[in-house]
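Asks: What follows is work_4.tsv, made up of TSV, C-alpha atoms and all ligand atoms:
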chain	number	residue	atom	x	y	z
A	848	MET	CA	-4.69	-5.69	-16.72
A	849	LEU	CA	-3.30	-2.60	-18.33
A	850	GLU	CA	-0.97	-0.24	-16.51
A	851	ARG	CA	0.18	3.21	-17.53
A	852	GLN	CA	3.08	3.35	-19.95
A	853	THR	CA	4.10	6.92	-19.10
A	854	PRO	CA	5.62	8.03	-15.79
A	855	MET	CA	3.10	9.56	-13.42
A	856	ASP	CA	3.84	13.00	-12.06
A	857	ILE	CA	4.12	13.53	-8.33
A	858	ALA	CA	0.59	14.95	-8.01
A	859	ASP	CA	-0.82	11.80	-9.64
A	860	ARG	CA	1.17	9.56	-7.27
A	861	GLU	CA	0.04	11.54	-4.23
A	862	SER	CA	-3.55	11.36	-5.43
A	863	VAL	CA	-3.34	7.58	-5.91
A	864	ARG	CA	-1.74	7.24	-2.48
A	865	ALA	CA	-4.45	9.39	-0.85
A	866	ASP	CA	-7.20	7.33	-2.53
A	867	LEU	CA	-5.60	4.06	-1.38
A	868	ASP	CA	-5.07	5.40	2.17
A	869	GLN	CA	-8.75	6.32	2.34
A	870	ALA	CA	-9.98	3.03	0.84
A	871	MET	CA	-7.78	0.93	3.14
A	872	MET	CA	-8.78	2.87	6.27
A	873	ALA	CA	-12.46	2.45	5.34
A	874	ALA	CA	-11.94	-1.30	4.75
A	875	PHE	CA	-10.06	-1.59	8.06
A	876	CYS	CA	-12.83	0.16	10.01
A	877	ARG	CA	-15.55	-1.92	8.33
A	878	ALA	CA	-13.71	-5.19	9.06
A	879	LEU	CA	-12.94	-4.15	12.65
A	880	ASN	CA	-16.56	-3.23	13.40
A	881	ALA	CA	-18.10	-6.19	11.57
A	882	SER	CA	-15.75	-8.89	12.89
A	883	GLY	CA	-15.07	-7.99	16.49
A	884	LEU	CA	-11.45	-8.98	15.81
A	885	THR	CA	-8.59	-7.05	17.39
A	886	PRO	CA	-6.93	-4.26	15.37
A	887	MET	CA	-3.80	-6.43	14.95
A	888	ALA	CA	-5.87	-9.37	13.67
A	889	VAL	CA	-7.55	-7.14	11.09
A	890	MET	CA	-4.23	-5.55	10.08
A	891	SER	CA	-2.66	-9.01	9.75
A	892	ALA	CA	-5.48	-10.00	7.41
A	893	MET	CA	-4.91	-6.80	5.41
A	894	ALA	CA	-1.18	-7.50	5.15
A	895	GLY	CA	-2.00	-11.01	3.90
A	896	ALA	CA	-4.43	-9.55	1.35
A	897	LEU	CA	-1.75	-7.17	0.05
A	898	GLY	CA	0.71	-10.05	-0.27
A	899	ALA	CA	-1.91	-12.00	-2.24
A	900	VAL	CA	-2.46	-9.01	-4.54
A	901	TYR	CA	1.30	-8.90	-5.22
A	902	ARG	CA	1.41	-12.66	-5.97
A	903	GLN	CA	-1.61	-12.56	-8.29
A	904	VAL	CA	-0.39	-9.50	-10.21
A	905	ALA	CA	3.17	-10.90	-10.45
A	906	ASP	CA	1.87	-14.29	-11.65
A	907	SER	CA	-0.27	-12.57	-14.27
A	908	HIS	CA	2.79	-10.66	-15.55
A	909	ARG	CA	4.95	-13.80	-15.59
A	910	ARG	CA	2.29	-15.41	-17.80
A	911	GLY	CA	2.50	-12.39	-20.13
A	912	GLU	CA	-1.13	-11.40	-19.58
A	913	CYS	CA	-0.31	-7.67	-19.36
A	914	PRO	CA	1.51	-5.69	-22.08
A	915	CYS	CA	2.95	-3.03	-19.69
A	916	GLY	CA	6.41	-4.63	-19.58
A	917	TRP	CA	6.77	-4.93	-15.79
A	918	GLN	CA	8.85	-7.95	-14.84
A	919	PRO	CA	8.32	-9.04	-11.23
A	920	ALA	CA	11.60	-9.40	-9.30
A	921	GLY	CA	10.21	-11.75	-6.64
A	922	ALA	CA	12.25	-11.58	-3.44
A	923	SER	CA	13.68	-8.12	-4.10
A	924	ASP	CA	10.17	-6.72	-4.81
A	925	ILE	CA	9.04	-8.21	-1.51
A	926	ASP	CA	12.08	-6.75	0.31
A	927	MET	CA	11.21	-3.32	-1.11
A	928	LEU	CA	7.57	-3.66	-0.05
A	929	GLN	CA	8.66	-4.67	3.47
A	930	THR	CA	10.95	-1.62	3.68
A	931	ILE	CA	8.16	0.72	2.56
A	932	PHE	CA	5.75	-0.91	5.03
A	933	ARG	CA	8.26	-0.48	7.89
A	934	MET	CA	8.91	3.17	7.01
A	935	ALA	CA	5.22	4.04	6.68
A	936	ALA	CA	4.33	2.24	9.91
A	937	SER	CA	7.02	3.93	11.98
A	938	ALA	CA	6.92	7.56	10.78
A	939	PRO	CA	4.18	9.65	9.19
A	940	PRO	CA	4.89	11.03	5.71
A	941	ALA	CA	6.09	14.64	5.54
A	942	ASN	CA	2.71	16.00	4.43
A	943	GLU	CA	1.11	14.40	7.50
A	944	LEU	CA	3.77	15.98	9.77
A	945	LEU	CA	2.76	19.43	8.54
A	946	THR	CA	-0.80	18.97	9.83
A	947	MET	CA	0.04	17.36	13.19
A	948	PRO	CA	-0.61	19.46	16.29
A	949	ILE	CA	2.48	20.69	18.12
A	950	GLN	CA	2.89	18.61	21.30
A	951	GLY	CA	5.61	20.54	23.10
A	952	ARG	CA	8.60	22.82	22.76
A	953	ALA	CA	12.26	21.93	22.47
B	1	ZN	ZN	1.26	-4.74	-16.30
As a first step, turn the structure in this file into structure tokens.
Replies:
Amino acid sequence: MLERQTPMDIADRESVRADLDQAMMAAFCRALNASGLTPMAVMSAMAGALGAVYRQVADSHRRGECPCGWQPAGASDIDMLQTIFRMAASAPPANELLTMPIQGRA
């Protein structure tokens, strides 16, 4: 698996994020409708799938199967992913705030 060697600009990162948001929401809705599971059960399965993606990609890099140079940091990578998950789950990103309807006045 080959990753980019050059830093992505912010527009590229936002585009990747938007594509992933859309793909994950579509997968969530499909799984929810097809399984009859609760939203939390489906989200738990998705969280497990993301953890498995991390493990598989990290293992592949530890075996030297990708020339990109990324060296997985194990526990500190997982801590960072947990922090990002917590932030994203508790507050919408700034660009989402701009499009939210105003609920009241202060
Ligand atoms: Zn790589």
Asks: Would you mind telling me which residue in A:Leu867, A:Ala905, A:Met893, A:Met872 lies nearest to ligand ZN 1 (chain B) when using only C-alpha atoms and all ligand atoms?
Replies: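 Result for the nearest residue to ligand ZN 1 (chain B): A:Ala905.
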Asks: Between A:Ala865, A:Cys876, A:Ala870, A:Ile925, single out the one closest to A:Ala899, counting all atoms listed in the file.
Replies: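 Distance minimum relative to A:Ala899 lands on A:Ile925.
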Asks: Could you jot down the atom CA of A:Gly916 to atom ZN of ligand ZN 1 (chain B) separation for me, Å, one decimal place?
Replies: 6.1 Å
Asks: I'd like the box whose edges run along x, y and z of the file and which contains every listed atom of stretch 895-903 of chain A, padded by 6 Å per side; could you state its centre and edge lengths in Å, one decimal, as lines of an AutoDock Vina configuration file?
Replies:
center_x = -1.5
center_y = -9.9
center_z = -2.2
size_x = 17.8
size_y = 17.5
size_z = 24.2
Asks: Between A:Phe875, A:Pro919, A:Ile931, A:Asp866, which has the minimum distance to A:Gln903 (counting only C-alpha atoms)?
Replies: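 Using only C-alpha atoms, A:Gln903 sits closest to A:Pro919.
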Asks: Which residue gives the smallest distance to A:His908 among A:Met927, A:Ala874, A:Ala920, A:Ala936, with only C-alpha atoms counted?
Replies: A:Ala920
Asks: Go through A:Ala938, A:Arg933, A:Arg864, A:Arg910 and flag the residue nearest ligand ZN 1 (chain B), using only C-alpha atoms and all ligand atoms for the distances.
Replies: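 Once distances to ligand ZN 1 (chain B) are computed over only C-alpha atoms and all ligand atoms, the minimum belongs to A:Arg910.
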Asks: Between A:Val900, A:Glu912, A:Gln869, A:Asp859, which is the closest to ligand ZN 1 (chain B) once you count all atoms listed in the file?
Replies: A:Glu912
Asks: Suppose you want the space between atom CA of A:Ala873 and atom CA of A:Arg860; what is it in Å?
Replies: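 Rounded to one decimal, the two atoms are 19.9 Å apart.
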Asks: Dig up all the protein and nucleic acid residues within 12 Å of (0.9, -5.3, 8.3) in the file frame, using all atoms listed in the file, and format them as a PyMOL selection string.
Replies: chain A and resi 871+875+886-898+928-937
Asks: Atom ZN of ligand ZN 1 (chain B) and atom CA of A:Val904 are how many Å apart?
Replies: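 A separation of 7.9 Å between them.
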